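Encoded as structure tokens, the structure appears first; notes follow it.
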Amino acid sequence: MNVLKKIRLYPWLLLLLATQIAFSQTPNCGCEQKPQLNVLAVINGVKITHDNLSIDARTQVSLVQETVITARAQQLNLLINKTLLEAEAKRRGIDSATLLLLEVNARIAPPTEAEARALYEQNKDRIKRGFGNVKNDIIAQLKSERETVRATQFANALRTAARVSVSDLPVTPPANEADLARVFATGIGMSITSQDIEQSLLPLIFRVQQQVYTLRKRDLDIRINDLLLEQEAKRLGTTPKALIDLNVRTKVPITSEEQARAYYKEQKNRLEGSFSKLKFQIMQFLQEQESQKWFRAYAEELRKAAAVQIYLTAPAPPDLRQLCCNPVD
């Protein structure tokens, strides 16, 4: 935990950031499987597409996919350093971890308590905590900073010895199979291609795909339920609100104080405050949980009576050529 640097993003700034991401042309993350279908579901003949998802969902998807774009820009340097480190470790007859201990950890001066206190005094107005509470964090931070400086020096020395040359071209996702052969860095006994970079990103890409699927699935379920509710209300000549009142709100049992007390006893270690202080909040929470349960049951009834086709599917571990080389529908 960095106790010296804290950045606060205020709500209006987050909103501005989200709006810019949602409405600007987001760079290709190279993390969508191809072919990518635009239609996510068809409900009684009505299509739900990517564009029908909420701005909030699309913004969150863009933010998650941005991690791949950021990682790709950094991955070339990481691969260069990893390749050089492994080659040097092999030359010395040791493993990479031991080499780092010898060339990085063993070559820095351990931070002293006096240094930590001096840094604390310079920043105590921002830290807002006593020195004893943050001493270990400050020492760990100083140690990490020194290790980073020494690791950079060691990496630069290895690069110089290996005569590494790095391309000026931006590291972009491959658009086709030929792009996988692009060379971004060379050196003595080393050549790093686009394929090397993309292959190393596959675990991250899979995690991002899973997160994106969860975001889209959650919002798609809301779109489907809303659409079915509107269609059912139109068929019966009523309103969605009236249907919810009839099929959900009138059926939800009132949460009792006994139920709230039982919940409080189960969760007491995780709650702050006495039962009398939290009783109404707990009752409101349990009531909302029960309402959601009844609403899901009613939504399931509507789905069973409708023609629902869902084309959004959970991702499988990605294959490199499925990401770059298949035609897009």
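Residues in the structure tokens are named by chain (A, B, ... in the order shown) and by number from 1 within that chain; ligands are numbered from 1 in the order shown.
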
Worksheet item: Can you list every residue in range 32-211 of chain A that DSSP puts in alpha helix (DSSP H), as a VMD selection string?
Response: chain A and resid 55 to 92 96 to 103 113 to 127 131 to 162 194 to 211

query = Skipping near chain neighbours, those fewer than 6 positions away, what residues fall within 12 Å of range 242-258 of chain A using only C-alpha atoms, listed as a ChimeraX atom specification?
reply = /A:225-226,228-236,264-265,275-276,278-299,301-302

Take the residues from that selection and write them out as a short mmCIF file (atom, residue, chain, number, x, y, z; two decimals), in the first residue's frame, keeping N, CA and C atoms.
```cif
data_model
loop_
_atom_site.label_atom_id
_atom_site.label_comp_id
_atom_site.auth_asym_id
_atom_site.auth_seq_id
_atom_site.Cartn_x
_atom_site.Cartn_y
_atom_site.Cartn_z
N ASN A 225 -35.50 -8.93 -19.76
CA ASN A 225 -36.61 -8.84 -18.81
C ASN A 225 -37.47 -7.60 -19.06
N ASP A 226 -36.83 -6.49 -19.34
CA ASP A 226 -37.58 -5.25 -19.62
C ASP A 226 -38.43 -5.40 -20.88
N LEU A 228 -39.54 -8.24 -22.30
CA LEU A 228 -40.63 -9.18 -22.07
C LEU A 228 -41.74 -8.54 -21.25
N LEU A 229 -41.37 -7.74 -20.29
CA LEU A 229 -42.36 -7.06 -19.45
C LEU A 229 -43.19 -6.08 -20.29
N GLU A 230 -42.51 -5.34 -21.16
CA GLU A 230 -43.22 -4.40 -22.04
C GLU A 230 -44.15 -5.13 -22.99
N GLN A 231 -43.67 -6.24 -23.56
CA GLN A 231 -44.50 -7.00 -24.49
C GLN A 231 -45.72 -7.60 -23.80
N GLU A 232 -45.52 -8.12 -22.58
CA GLU A 232 -46.63 -8.71 -21.84
C GLU A 232 -47.65 -7.63 -21.44
N ALA A 233 -47.17 -6.47 -21.04
CA ALA A 233 -48.08 -5.38 -20.68
C ALA A 233 -48.89 -4.94 -21.90
N LYS A 234 -48.24 -4.87 -23.05
CA LYS A 234 -48.95 -4.48 -24.27
C LYS A 234 -49.99 -5.53 -24.65
N ARG A 235 -49.66 -6.80 -24.49
CA ARG A 235 -50.60 -7.88 -24.82
C ARG A 235 -51.84 -7.83 -23.93
N LEU A 236 -51.65 -7.50 -22.65
CA LEU A 236 -52.75 -7.48 -21.70
C LEU A 236 -53.42 -6.12 -21.59
N TYR A 264 -28.99 -10.85 11.60
CA TYR A 264 -27.99 -10.10 12.37
C TYR A 264 -27.06 -11.05 13.12
N LYS A 265 -27.63 -12.11 13.72
CA LYS A 265 -26.82 -13.07 14.47
C LYS A 265 -25.84 -13.80 13.54
N PHE A 275 -28.01 -4.39 17.04
CA PHE A 275 -29.20 -4.77 16.27
C PHE A 275 -30.22 -3.64 16.24
N SER A 276 -30.41 -2.99 17.36
CA SER A 276 -31.40 -1.91 17.39
C SER A 276 -31.04 -0.78 16.43
N LEU A 278 -29.25 -1.23 13.61
CA LEU A 278 -29.25 -1.72 12.22
C LEU A 278 -30.54 -2.40 11.80
N LYS A 279 -31.49 -2.54 12.72
CA LYS A 279 -32.69 -3.34 12.46
C LYS A 279 -33.42 -2.93 11.18
N PHE A 280 -33.71 -1.66 11.03
CA PHE A 280 -34.50 -1.23 9.88
C PHE A 280 -33.71 -1.35 8.57
N GLN A 281 -32.40 -1.15 8.62
CA GLN A 281 -31.59 -1.34 7.42
C GLN A 281 -31.58 -2.81 7.00
N ILE A 282 -31.47 -3.70 8.00
CA ILE A 282 -31.47 -5.13 7.71
C ILE A 282 -32.82 -5.56 7.15
N MET A 283 -33.91 -5.07 7.75
CA MET A 283 -35.25 -5.43 7.27
C MET A 283 -35.46 -4.94 5.84
N GLN A 284 -34.98 -3.75 5.55
CA GLN A 284 -35.09 -3.21 4.20
C GLN A 284 -34.28 -4.04 3.21
N PHE A 285 -33.08 -4.43 3.63
CA PHE A 285 -32.21 -5.26 2.78
C PHE A 285 -32.87 -6.61 2.49
N LEU A 286 -33.37 -7.28 3.53
CA LEU A 286 -34.00 -8.58 3.35
C LEU A 286 -35.26 -8.48 2.51
N GLN A 287 -36.01 -7.38 2.68
CA GLN A 287 -37.21 -7.18 1.88
C GLN A 287 -36.86 -7.03 0.41
N GLU A 288 -35.79 -6.30 0.14
CA GLU A 288 -35.35 -6.12 -1.24
C GLU A 288 -34.86 -7.43 -1.84
N GLN A 289 -34.16 -8.23 -1.03
CA GLN A 289 -33.71 -9.54 -1.50
C GLN A 289 -34.89 -10.43 -1.87
N GLU A 290 -35.92 -10.38 -1.05
CA GLU A 290 -37.12 -11.19 -1.32
C GLU A 290 -37.83 -10.68 -2.57
N SER A 291 -37.88 -9.37 -2.74
CA SER A 291 -38.51 -8.80 -3.94
C SER A 291 -37.77 -9.24 -5.20
N GLN A 292 -36.44 -9.22 -5.13
CA GLN A 292 -35.63 -9.66 -6.28
C GLN A 292 -35.88 -11.13 -6.60
N LYS A 293 -36.04 -11.93 -5.57
CA LYS A 293 -36.30 -13.35 -5.79
C LYS A 293 -37.63 -13.56 -6.52
N TRP A 294 -38.67 -12.84 -6.09
CA TRP A 294 -39.97 -12.96 -6.73
C TRP A 294 -39.95 -12.38 -8.15
N PHE A 295 -39.19 -11.31 -8.33
CA PHE A 295 -39.10 -10.75 -9.67
C PHE A 295 -38.40 -11.71 -10.63
N ARG A 296 -37.32 -12.36 -10.17
CA ARG A 296 -36.63 -13.33 -11.01
C ARG A 296 -37.55 -14.50 -11.38
N ALA A 297 -38.37 -14.92 -10.42
CA ALA A 297 -39.31 -16.00 -10.70
C ALA A 297 -40.33 -15.58 -11.75
N TYR A 298 -40.83 -14.35 -11.64
CA TYR A 298 -41.80 -13.86 -12.62
C TYR A 298 -41.14 -13.70 -14.00
N ALA A 299 -39.90 -13.19 -14.02
CA ALA A 299 -39.18 -13.04 -15.28
C ALA A 299 -38.96 -14.39 -15.94
N GLU A 301 -40.95 -16.97 -15.67
CA GLU A 301 -42.24 -17.34 -16.25
C GLU A 301 -42.43 -16.70 -17.62
N LEU A 302 -42.10 -15.42 -17.72
CA LEU A 302 -42.24 -14.72 -19.00
C LEU A 302 -41.31 -15.32 -20.05
#
```

*For Ala305 in chain A, the nearest of the candidates A:Ile43, A:Ile94, A:Leu101, A:Ala116, counting only C-alpha atoms*: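 Ranking A:Ile43, A:Ile94, A:Leu101, A:Ala116 by distance to Ala305 in chain A, first place goes to A:Ile43.
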
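Proximity of A:Thr193, A:Lys90, A:Gln36, A:Glu115 to Pro315 in chain A, computed with only C-alpha atoms, is greatest for A:Gln36.
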